[in-house]
Every structure is written in C-alpha cells, then in structure tokens.
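The next block is upload28.json, given as JSON, C-alpha atoms.
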```json
[["chain", "number", "residue", "atom", "x", "y", "z"],
["A", 99, "MET", "CA", 159.27, 155.08, 38.69],
["A", 100, "LYS", "CA", 157.93, 151.96, 37.01],
["A", 101, "ARG", "CA", 159.38, 149.79, 39.82],
["A", 102, "ALA", "CA", 157.83, 152.05, 42.49],
["A", 103, "LEU", "CA", 154.42, 151.79, 40.84],
["A", 104, "SER", "CA", 154.68, 148.05, 40.64],
["A", 105, "LEU", "CA", 155.59, 147.81, 44.34],
["A", 106, "THR", "CA", 152.63, 150.00, 45.22],
["A", 107, "ALA", "CA", 150.32, 147.83, 43.12],
["A", 108, "ALA", "CA", 151.68, 144.71, 44.81],
["A", 109, "ALA", "CA", 151.10, 146.22, 48.23],
["A", 110, "LEU", "CA", 147.55, 147.18, 47.31],
["A", 111, "ILE", "CA", 146.82, 143.70, 45.98],
["A", 112, "ALA", "CA", 148.26, 142.15, 49.16],
["A", 113, "ALA", "CA", 146.18, 144.46, 51.36],
["A", 114, "ALA", "CA", 143.03, 143.66, 49.40],
["A", 115, "ALA", "CA", 143.70, 139.93, 49.69],
["A", 116, "GLN", "CA", 144.15, 140.30, 53.45],
["A", 117, "ALA", "CA", 140.92, 142.26, 53.76],
["A", 118, "ASP", "CA", 139.05, 139.50, 51.91],
["A", 119, "ALA", "CA", 140.73, 136.73, 53.82],
["A", 120, "GLY", "CA", 138.30, 136.65, 56.73],
["A", 121, "TYR", "CA", 138.75, 134.29, 59.65],
["A", 122, "HIS", "CA", 139.73, 130.71, 58.94],
["A", 123, "GLY", "CA", 140.50, 129.32, 62.39],
["A", 124, "PRO", "CA", 138.49, 127.00, 64.63],
["A", 125, "ILE", "CA", 134.73, 127.58, 64.82],
["A", 126, "ILE", "CA", 132.39, 126.94, 67.75],
["A", 127, "ASP", "CA", 128.71, 126.38, 66.98],
["A", 128, "ALA", "CA", 127.00, 127.53, 70.17],
["A", 129, "HIS", "CA", 123.50, 126.53, 69.07],
["A", 130, "ALA", "CA", 122.84, 123.06, 67.65],
["A", 131, "HIS", "CA", 120.13, 120.64, 68.74],
["A", 132, "ILE", "CA", 120.70, 116.92, 69.16],
["A", 133, "ARG", "CA", 118.05, 114.23, 68.95],
["A", 134, "PHE", "CA", 118.30, 110.86, 70.64],
["A", 135, "THR", "CA", 114.86, 109.35, 70.06],
["A", 136, "ASP", "CA", 111.84, 109.68, 67.79],
["A", 137, "ASP", "CA", 109.89, 111.58, 70.47],
["B", 643, "MET", "CA", 103.44, 128.07, 87.15],
["B", 644, "GLY", "CA", 101.38, 130.00, 84.61],
["B", 645, "ARG", "CA", 101.58, 128.90, 81.04],
["B", 646, "SER", "CA", 101.46, 131.13, 78.01],
["B", 647, "SER", "CA", 97.94, 132.17, 77.17],
["B", 648, "THR", "CA", 98.19, 130.99, 73.59],
["B", 649, "ARG", "CA", 97.97, 127.42, 72.47],
["B", 650, "MET", "CA", 100.33, 128.12, 69.59],
["B", 651, "ARG", "CA", 103.94, 127.15, 69.94],
["B", 652, "ILE", "CA", 106.96, 127.48, 67.73],
["B", 653, "SER", "CA", 108.61, 124.26, 68.73],
["B", 654, "ALA", "CA", 112.34, 123.63, 68.58],
["B", 655, "SER", "CA", 111.52, 120.08, 67.61],
["B", 656, "PRO", "CA", 113.06, 119.46, 64.22],
["B", 657, "THR", "CA", 111.04, 119.44, 61.06],
["B", 658, "THR", "CA", 113.93, 118.20, 58.96],
["B", 659, "ASP", "CA", 115.38, 114.72, 59.14],
["B", 660, "GLN", "CA", 118.26, 115.57, 61.43],
["B", 661, "GLY", "CA", 119.11, 111.98, 62.31],
["B", 662, "LYS", "CA", 119.96, 110.81, 65.80],
["B", 663, "GLY", "CA", 123.03, 111.15, 67.96],
["B", 664, "THR", "CA", 126.21, 113.03, 67.19],
["B", 665, "ALA", "CA", 127.21, 111.42, 63.88],
["B", 666, "PRO", "CA", 124.98, 113.61, 61.68],
["B", 667, "ILE", "CA", 126.15, 116.73, 63.53],
["B", 668, "ALA", "CA", 129.80, 115.79, 63.11],
["B", 669, "ALA", "CA", 129.21, 115.34, 59.38],
["B", 670, "ILE", "CA", 127.60, 118.73, 58.82],
["B", 671, "ASP", "CA", 130.17, 120.38, 61.11],
["B", 672, "ASP", "CA", 132.94, 118.97, 58.93],
["B", 673, "GLU", "CA", 131.31, 120.45, 55.85],
["B", 674, "ALA", "CA", 131.25, 123.88, 57.47],
["B", 675, "GLY", "CA", 134.61, 123.77, 59.23],
["B", 676, "VAL", "CA", 132.97, 123.78, 62.65],
["B", 677, "THR", "CA", 135.43, 122.31, 65.14],
["B", 678, "GLN", "CA", 133.27, 122.27, 68.27],
["B", 679, "SER", "CA", 129.53, 122.23, 68.69],
["B", 680, "ALA", "CA", 126.91, 122.54, 71.37],
["B", 681, "LEU", "CA", 124.51, 119.65, 71.82],
["B", 682, "ILE", "CA", 121.19, 121.07, 73.01],
["B", 683, "VAL", "CA", 118.30, 119.20, 74.58],
["B", 684, "ILE", "CA", 115.02, 120.69, 75.82],
["B", 685, "ALA", "CA", 113.12, 119.37, 78.83],
["B", 686, "ARG", "CA", 109.38, 118.86, 78.96],
["B", 687, "ALA", "CA", 107.33, 119.66, 82.04],
["B", 688, "SER", "CA", 106.37, 117.00, 84.58],
["B", 689, "GLN", "CA", 108.61, 114.37, 83.04],
["B", 690, "MET", "CA", 111.56, 114.42, 85.41],
["B", 691, "ASP", "CA", 112.65, 110.87, 84.65],
["B", 692, "LYS", "CA", 112.84, 111.73, 80.99],
["B", 693, "THR", "CA", 114.53, 115.07, 81.74],
["B", 694, "ARG", "CA", 117.25, 113.33, 83.78],
["B", 695, "ALA", "CA", 117.74, 110.61, 81.17],
["B", 696, "GLN", "CA", 117.96, 113.16, 78.37],
["B", 697, "ASN", "CA", 120.48, 115.23, 80.28],
["B", 698, "ASP", "CA", 122.54, 112.12, 81.05],
["B", 699, "ALA", "CA", 122.43, 111.22, 77.36],
["B", 700, "VAL", "CA", 123.67, 114.61, 76.20],
["B", 701, "ILE", "CA", 126.50, 114.58, 78.74],
["B", 702, "ALA", "CA", 127.53, 111.08, 77.61],
["B", 703, "ALA", "CA", 127.34, 112.09, 73.94],
["B", 704, "ALA", "CA", 129.54, 115.11, 74.52],
["B", 705, "ARG", "CA", 132.09, 113.11, 76.49],
["B", 706, "ALA", "CA", 132.25, 110.48, 73.75],
["B", 707, "GLY", "CA", 133.12, 113.22, 71.29],
["B", 708, "ASN", "CA", 136.50, 113.82, 72.93],
["B", 709, "GLY", "CA", 136.17, 117.58, 73.01],
["B", 710, "ARG", "CA", 134.30, 117.95, 69.76],
["B", 711, "PHE", "CA", 131.00, 118.63, 71.55],
["B", 712, "TYR", "CA", 129.83, 120.23, 74.75],
["B", 713, "PRO", "CA", 126.49, 119.53, 76.45],
["B", 714, "ILE", "CA", 123.65, 122.00, 76.95],
["B", 715, "ALA", "CA", 121.23, 120.38, 79.39],
["B", 716, "SER", "CA", 117.72, 121.53, 80.23],
["B", 717, "VAL", "CA", 115.10, 121.60, 82.94],
["B", 718, "HIS", "CA", 111.53, 122.87, 82.92],
["B", 719, "PRO", "CA", 111.04, 125.79, 85.35],
["B", 720, "ALA", "CA", 107.57, 124.47, 86.25],
["B", 721, "ASP", "CA", 109.19, 121.42, 87.84],
["B", 722, "GLY", "CA", 110.17, 123.56, 90.83],
["B", 723, "ALA", "CA", 112.31, 121.81, 93.43],
["B", 724, "ASP", "CA", 112.93, 118.87, 91.13],
["B", 725, "ALA", "CA", 114.25, 121.25, 88.48],
["B", 726, "MET", "CA", 116.51, 122.93, 91.03],
["B", 727, "ALA", "CA", 117.90, 119.56, 92.10],
["B", 728, "GLU", "CA", 118.55, 118.70, 88.46],
["B", 729, "LEU", "CA", 120.39, 122.00, 87.99],
["B", 730, "ASP", "CA", 122.56, 121.07, 90.98],
["B", 731, "ARG", "CA", 123.24, 117.67, 89.42],
["B", 732, "MET", "CA", 124.12, 119.25, 86.07],
["B", 733, "ALA", "CA", 126.51, 121.72, 87.64],
["B", 734, "ALA", "CA", 128.21, 118.91, 89.55],
["B", 735, "ALA", "CA", 128.52, 116.96, 86.29],
["B", 736, "GLY", "CA", 130.41, 119.83, 84.67],
["B", 737, "VAL", "CA", 127.63, 121.20, 82.47],
["B", 738, "LYS", "CA", 128.15, 124.90, 81.74],
["B", 739, "VAL", "CA", 124.95, 125.90, 79.92],
["B", 740, "ILE", "CA", 121.23, 125.26, 80.49],
["B", 741, "LYS", "CA", 118.67, 125.68, 77.72],
["B", 742, "LEU", "CA", 115.28, 127.23, 78.41],
["B", 743, "HIS", "CA", 112.86, 127.67, 75.52],
["B", 744, "PRO", "CA", 109.75, 129.79, 76.23],
["B", 745, "ASN", "CA", 107.96, 128.51, 73.10],
["B", 746, "THR", "CA", 108.77, 124.82, 73.15],
["B", 747, "GLN", "CA", 108.43, 124.67, 76.94],
["B", 748, "ASN", "CA", 105.38, 126.94, 76.86],
["B", 749, "PHE", "CA", 106.20, 129.38, 79.65],
["B", 750, "ASP", "CA", 106.16, 133.14, 80.08],
["B", 751, "VAL", "CA", 109.59, 134.64, 80.69],
["B", 752, "ALA", "CA", 108.09, 136.84, 83.43],
["B", 753, "ASP", "CA", 106.89, 133.81, 85.42],
["B", 754, "PRO", "CA", 108.42, 133.73, 88.92],
["B", 755, "ALA", "CA", 109.42, 130.09, 88.37],
["B", 756, "VAL", "CA", 111.66, 131.24, 85.52],
["B", 757, "ALA", "CA", 113.26, 133.85, 87.76],
["B", 758, "ALA", "CA", 113.88, 131.18, 90.40],
["B", 759, "ALA", "CA", 115.56, 128.90, 87.86],
["B", 760, "VAL", "CA", 117.67, 131.76, 86.50],
["B", 761, "GLN", "CA", 118.73, 132.75, 90.02],
["B", 762, "HIS", "CA", 119.64, 129.15, 90.83],
["B", 763, "CYS", "CA", 121.68, 128.82, 87.64],
["B", 764, "GLY", "CA", 123.69, 131.88, 88.57],
["B", 765, "GLU", "CA", 124.39, 130.51, 92.03],
["B", 766, "LYS", "CA", 125.68, 127.30, 90.45],
["B", 767, "GLY", "CA", 127.73, 129.04, 87.76],
["B", 768, "LEU", "CA", 125.42, 127.88, 84.99],
["B", 769, "ILE", "CA", 124.80, 130.08, 81.95],
["B", 770, "VAL", "CA", 121.21, 130.18, 80.68],
["B", 771, "LEU", "CA", 120.61, 129.95, 76.93],
["B", 772, "PHE", "CA", 117.15, 131.32, 76.15],
["B", 773, "ASP", "CA", 115.32, 131.23, 72.86],
["B", 774, "SER", "CA", 114.44, 134.93, 72.49],
["B", 775, "TYR", "CA", 111.72, 135.14, 69.90],
["B", 776, "LYS", "CA", 108.03, 134.85, 70.64],
["B", 777, "PRO", "CA", 106.05, 136.90, 68.11],
["B", 778, "TRP", "CA", 102.91, 136.88, 70.25],
["B", 779, "ASP", "CA", 104.79, 138.35, 73.21],
["B", 780, "LEU", "CA", 106.43, 141.48, 71.87],
["B", 781, "SER", "CA", 107.48, 142.53, 75.37],
["B", 782, "GLU", "CA", 109.61, 139.40, 75.78],
["B", 783, "MET", "CA", 112.89, 141.27, 75.19],
["B", 784, "GLY", "CA", 111.88, 143.58, 78.04],
["B", 785, "LYS", "CA", 111.22, 140.56, 80.25],
["B", 786, "PHE", "CA", 114.71, 139.27, 79.52],
["B", 787, "LEU", "CA", 116.06, 142.65, 80.54],
["B", 788, "VAL", "CA", 114.24, 142.40, 83.88],
["B", 789, "LEU", "CA", 115.74, 138.95, 84.43],
["B", 790, "ALA", "CA", 119.21, 140.21, 83.58],
["B", 791, "VAL", "CA", 118.97, 143.17, 85.94],
["B", 792, "LYS", "CA", 117.39, 141.23, 88.82],
["B", 793, "HIS", "CA", 119.85, 138.33, 88.51],
["B", 794, "PRO", "CA", 123.18, 139.94, 87.64],
["B", 795, "GLN", "CA", 125.07, 136.87, 88.82],
["B", 796, "THR", "CA", 123.55, 134.80, 86.00],
["B", 797, "LYS", "CA", 124.90, 135.09, 82.49],
["B", 798, "LEU", "CA", 122.21, 134.92, 79.82],
["B", 799, "ILE", "CA", 122.61, 134.10, 76.14],
["B", 800, "LEU", "CA", 119.66, 135.31, 74.07],
["B", 801, "ALA", "CA", 119.51, 133.00, 71.07],
["B", 802, "HIS", "CA", 118.58, 134.64, 67.76],
["B", 803, "MET", "CA", 119.15, 138.11, 69.27],
["B", 804, "GLY", "CA", 115.39, 138.60, 69.48],
["B", 805, "PHE", "CA", 115.12, 137.81, 65.76],
["B", 806, "SER", "CA", 112.79, 140.44, 64.20],
["B", 807, "THR", "CA", 112.76, 142.37, 67.51],
["B", 808, "PHE", "CA", 116.56, 142.77, 67.48],
["B", 809, "ARG", "CA", 116.27, 146.56, 67.69],
["B", 810, "GLU", "CA", 115.42, 146.07, 71.37],
["B", 811, "ALA", "CA", 118.92, 144.70, 71.91],
["B", 812, "ILE", "CA", 120.28, 148.23, 71.65],
["B", 813, "MET", "CA", 119.37, 148.66, 75.34],
["B", 814, "TYR", "CA", 122.42, 146.50, 76.07],
["B", 815, "ALA", "CA", 124.56, 149.25, 74.60],
["B", 816, "GLN", "CA", 123.05, 151.82, 76.95],
["B", 817, "LEU", "CA", 122.29, 150.14, 80.28],
["B", 818, "PRO", "CA", 125.84, 148.91, 80.96],
["B", 819, "LYS", "CA", 126.73, 152.62, 81.20],
["B", 820, "LEU", "CA", 124.57, 152.57, 84.32],
["B", 821, "GLY", "CA", 126.20, 149.41, 85.59],
["B", 822, "MET", "CA", 123.26, 147.20, 84.62],
["B", 823, "ALA", "CA", 122.67, 144.27, 82.30],
["B", 824, "GLN", "CA", 126.29, 143.48, 81.67],
["B", 825, "ASN", "CA", 125.50, 139.77, 81.91],
["B", 826, "VAL", "CA", 123.72, 139.38, 78.56],
["B", 827, "TYR", "CA", 125.14, 137.76, 75.44],
["B", 828, "PHE", "CA", 123.55, 136.79, 72.13],
["B", 829, "ASP", "CA", 123.89, 134.14, 69.50],
["B", 830, "LEU", "CA", 123.40, 134.90, 65.83],
["B", 831, "SER", "CA", 121.56, 131.72, 64.95],
["B", 832, "ALA", "CA", 118.56, 132.29, 62.68],
["B", 833, "ILE", "CA", 118.94, 136.08, 62.62],
["B", 834, "ALA", "CA", 122.13, 136.10, 60.53],
["B", 835, "ALA", "CA", 120.67, 133.65, 58.04],
["B", 836, "ILE", "CA", 117.47, 135.66, 57.66],
["B", 837, "TYR", "CA", 118.99, 139.16, 57.42],
["B", 838, "ALA", "CA", 122.31, 138.59, 55.61],
["B", 839, "ASN", "CA", 122.25, 140.35, 52.24],
["B", 840, "SER", "CA", 118.96, 142.05, 53.12],
["B", 841, "PRO", "CA", 118.10, 145.77, 53.40],
["B", 842, "VAL", "CA", 118.15, 145.28, 57.18],
["B", 843, "GLN", "CA", 121.72, 144.01, 57.29],
["B", 844, "PRO", "CA", 123.45, 147.38, 57.88],
["B", 845, "GLU", "CA", 121.24, 148.10, 60.89],
["B", 846, "LEU", "CA", 121.79, 144.62, 62.32],
["B", 847, "VAL", "CA", 125.56, 144.93, 62.00],
["B", 848, "TRP", "CA", 125.48, 148.46, 63.43],
["B", 849, "THR", "CA", 123.47, 147.20, 66.42],
["B", 850, "ILE", "CA", 125.87, 144.31, 67.03],
["B", 851, "ARG", "CA", 128.87, 146.64, 66.96],
["B", 852, "LYS", "CA", 127.12, 149.17, 69.20],
["B", 853, "VAL", "CA", 126.31, 146.51, 71.81],
["B", 854, "GLY", "CA", 129.82, 145.07, 71.43],
["B", 855, "VAL", "CA", 130.99, 142.30, 69.12],
["B", 856, "ASP", "CA", 132.52, 140.58, 72.16],
["B", 857, "HIS", "CA", 128.94, 139.73, 73.28],
["B", 858, "PHE", "CA", 127.97, 137.70, 70.20],
["B", 859, "LEU", "CA", 128.38, 134.00, 69.46],
["B", 860, "PHE", "CA", 128.04, 131.98, 66.29],
["B", 861, "GLY", "CA", 125.20, 129.46, 66.21],
["B", 862, "SER", "CA", 123.58, 127.40, 63.48],
["B", 863, "ASP", "CA", 120.22, 126.55, 65.08],
["B", 864, "TRP", "CA", 120.63, 123.11, 63.51],
["B", 865, "PRO", "CA", 118.36, 121.48, 62.30],
["B", 866, "VAL", "CA", 116.64, 124.73, 61.29],
["B", 867, "ASP", "CA", 119.75, 125.85, 59.39],
["B", 868, "THR", "CA", 122.90, 123.89, 58.66],
["B", 869, "PRO", "CA", 126.18, 125.13, 60.09],
["B", 870, "ALA", "CA", 127.34, 125.83, 56.52],
["B", 871, "VAL", "CA", 124.36, 128.09, 55.82],
["B", 872, "ALA", "CA", 124.72, 129.87, 59.14],
["B", 873, "GLU", "CA", 128.45, 130.34, 58.71],
["B", 874, "LYS", "CA", 128.10, 131.83, 55.24],
["B", 875, "ALA", "CA", 125.42, 134.18, 56.54],
["B", 876, "VAL", "CA", 127.68, 135.50, 59.30],
["B", 877, "ARG", "CA", 130.54, 135.93, 56.84],
["B", 878, "ASP", "CA", 128.16, 137.79, 54.50],
["B", 879, "LEU", "CA", 127.40, 140.30, 57.26],
["B", 880, "GLY", "CA", 130.76, 141.88, 56.46],
["B", 881, "PHE", "CA", 132.57, 141.80, 59.79],
["B", 882, "THR", "CA", 136.32, 142.21, 59.82],
["B", 883, "ALA", "CA", 138.52, 139.15, 60.17],
["B", 884, "ASN", "CA", 139.13, 140.00, 63.82],
["B", 885, "GLU", "CA", 135.42, 140.45, 64.49],
["B", 886, "GLN", "CA", 134.73, 137.11, 62.80],
["B", 887, "LYS", "CA", 137.36, 135.48, 65.01],
["B", 888, "MET", "CA", 135.53, 136.78, 68.06],
["B", 889, "ILE", "CA", 132.10, 135.67, 66.84],
["B", 890, "PHE", "CA", 133.13, 132.31, 65.41],
["B", 891, "HIS", "CA", 135.38, 131.26, 68.28],
["B", 892, "ASP", "CA", 136.86, 133.51, 70.92],
["B", 893, "ASN", "CA", 133.66, 134.81, 72.55],
["B", 894, "ALA", "CA", 132.19, 131.33, 73.08],
["B", 895, "ALA", "CA", 135.51, 129.92, 74.22],
["B", 896, "LYS", "CA", 135.85, 132.64, 76.84],
["B", 897, "LEU", "CA", 132.22, 132.74, 77.99],
["B", 898, "ILE", "CA", 131.65, 129.01, 78.23],
["B", 899, "GLY", "CA", 135.19, 128.01, 79.09],
["B", 900, "LEU", "CA", 135.87, 125.99, 75.96],
["B", 901, "ARG", "CA", 139.27, 125.41, 74.39]]
```
What would you get if you wrote out this structure as structure tokens?
Amino acid sequence: MKRALSLTAAALIAAAAQADAGYHGPIIDAHAHIRFTDD
Amino acid sequence: MGRSSTRMRISASPTTDQGKGTAPIAAIDDEAGVTQSALIVIARASQMDKTRAQNDAVIAAARAGNGRFYPIASVHPADGADAMAELDRMAAAGVKVIKLHPNTQNFDVADPAVAAAVQHCGEKGLIVLFDSYKPWDLSEMGKFLVLAVKHPQTKLILAHMGFSTFREAIMYAQLPKLGMAQNVYFDLSAIAAIYANSPVQPELVWTIRKVGVDHFLFGSDWPVDTPAVAEKAVRDLGFTANEQKMIFHDNAAKLIGLR
C-alpha cells in the first residue's frame, strides 16, 4: 500500500514537471528590426 | 497614392539604442535562446536608390549570418512600377518576406497601390508582413480582411495581431468556414508583452486558439521589446508545450520555409 502510494506520488510529480517544462527547442524571432545607419 | 489624413505617425524607427548591424541582435538573441531571427528594414517613399541599397544590405547581413538570420526586405507601395521591379528583384534574390508598415510608411491599407503591391507579392511567392495597429484607423483590421479576400494567393502576416483591436481577429476563425481568408497569419510581437498577466490574457489566448495556434508566430518587435521580454511574455500566456513549439518555431519554419 505504502509502495503503491509512493509510485502514484512519483507519477504525479513527474506529470507536473512535464506540464511545467514548456518548450525548450529552437526559437525563431519573426519580427526584429535591423539598423544599418544613423538615418 | 493617397497618404493617411493624419500627420501623426507611430514610427518603427527605434527609440532605444539598438546599435547597428547584426551583432547586437545576435547578442540579445543568445540571451533569449533565439536561434534564428528576422532582419526587417522599412522603405521610404521616393527614395528607390536607398530602398535598393537597404534591401541589398539586409540580404548581405542575413547571408553573412550563416543561417542565423533571414532578410525581410521592403518597398513603398507609392513607388509604383519601381516598387514592383524591386519586388521582382527581391524574389529573385531569395527573399521570402516583404515588410509594409502603414504608420511608418504613411499609407492607408485600402489604397489601391497597396492592393497592387500585395497582388504582386503573391504572384512572386512573397509573404507580406504588415504592421497591423493604427489607432486612428479603427477599420484597419477590416481593410486587411479585404486585402486577404481579394488576394488569396498572397499570404499576409499581421504583426501585433491588431494589438488592442485583436478582437477583430476572430473573423479569421469564422471566414475560413466559407473558404475565405485562409491566407492570414499573425505574429505576437507587442501584444503578448502588453497583455501577458493582464485581465485580458484569457480572452487573447482564447482568440488565438479559436483562430488556430498554427497561424501564430513569435516575434520580439526589437528594439521595442527585447527577445527575452517577448519570449517570457509568450510563455506567461500559458500555452501548452506543444502550442509553444508551434508558436516559437514550427509555424514560422513552415510558413517562411526556414530550417
């Protein structure tokens, strides 16, 4: 019983961590301005 | 070409010290984990020599970045045939996106010259990135809709999602059911940073999901916001990891043809 509870808790913690993980792959910034001169 | 009736402009010219060239952008991208960035220039009217030189410069800067940057060139719709020829030259040079800015360039989105440029872009496979917020023209989102419907071959990206008029974007959840306006995308520059953690956030996120997360791109609007600020704002909107993947990378990669 104690072992089953601990496994359930571990699964819940792992699921929560995954939900908070977000995306951590490559990122494309599709809107950035460049400046070449002082104009 | 008719100009906007107001003398006021919200210019995209930077107010912060953004530096010159790609080095400052690479530095702030590194801080935010941005792996690839647009380099946007904006053309002024009746200065074709400068427009061509600026477009050449942004292409060269992107190429020198070895895949880290991609160029977004620009023309001014009022330059007519010269602008069309420049669009041809940009398409031949491999440019994928053209920036048009109704405020900085001081034009009305309903002007026939804008429609001509949008049509020409579509014929050349060029996507048009429009700034989509002009507070003294509250029908501007409707004008973009007319452009999208009349020029279905041209893909449009509406930067800032209309900003405070973003509720109007809900029409892009409805009209595709009628086979119209399926060529419109949005970037979340400015709007995510302003509405993240605000009372408006749930409605913004609901609207994005209703229109379709696959139609939204991440953008910083640098030098208005840094990529780090913009990225945190999008993360704070509470999208799932898969939705974030689409917004931060996959949608732009697919739409623009990036890696």
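One distance worth recording is that between atom CA of Ala895 of chain B and atom CA of Phe858 of chain B, which is 11.6 Å.
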What residues in chain B have any atom no more than 9 Å from chain A when counting only C-alpha atoms, and can you write them as a PyMOL selection string? chain B and resi 654-656+660-664+667+671+674-684+696+699-700+801+829-831+859-865+869+877+881-887+889-892+894-895+900
Just give me the gap between atom CA of Phe786 of chain B and atom CA of Val751 of chain B in Å, one decimal is fine.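 Taking atom CA of Phe786 of chain B and atom CA of Val751 of chain B, their separation equals 7.0 Å.
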Give me, as a tab-separated table, each residue of segment 748-814 of chain B that comes within 9 Å of segment 727-740 of chain B, together with its shortest interatomic pair and the distance in Å at one decimal, counting all atoms listed in the file, with rows ordered by chain and rising residue number.
```
residue	atom	partner	partner_atom	distance
B:Ala759	CA	B:Leu729	CA	8.4
B:His762	CA	B:Leu729	CA	7.7
B:Cys763	CA	B:Leu729	CA	6.9
B:Lys766	CA	B:Ala733	CA	6.3
B:Gly767	CA	B:Lys738	CA	7.3
B:Leu768	CA	B:Lys738	CA	5.2
B:Ile769	CA	B:Val739	CA	4.6
B:Val770	CA	B:Ile740	CA	4.9
B:Leu771	CA	B:Ile740	CA	5.9
B:Phe772	CA	B:Ile740	CA	8.5
```
Residue with the minimum atom-to-atom distance to Lys792 of chain B, picked from B:Ala752, B:Ile898, B:Val717, B:Met888 with only C-alpha atoms counted, is B:Ala752
So that I can see what lies close to Val847 of chain B, please list as a ChimeraX atom specification the residues with an atom at most 10 Å from it, counting only C-alpha atoms and leaving out residues fewer than 5 positions away in the same chain. /B:834,837-838,842,852-853,855,879-881
Quote the spacing between atom CA of Trp848 of chain B and atom CA of Phe828 of chain B in Å to one decimal place.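 Interatomic distance here is 14.7 Å.
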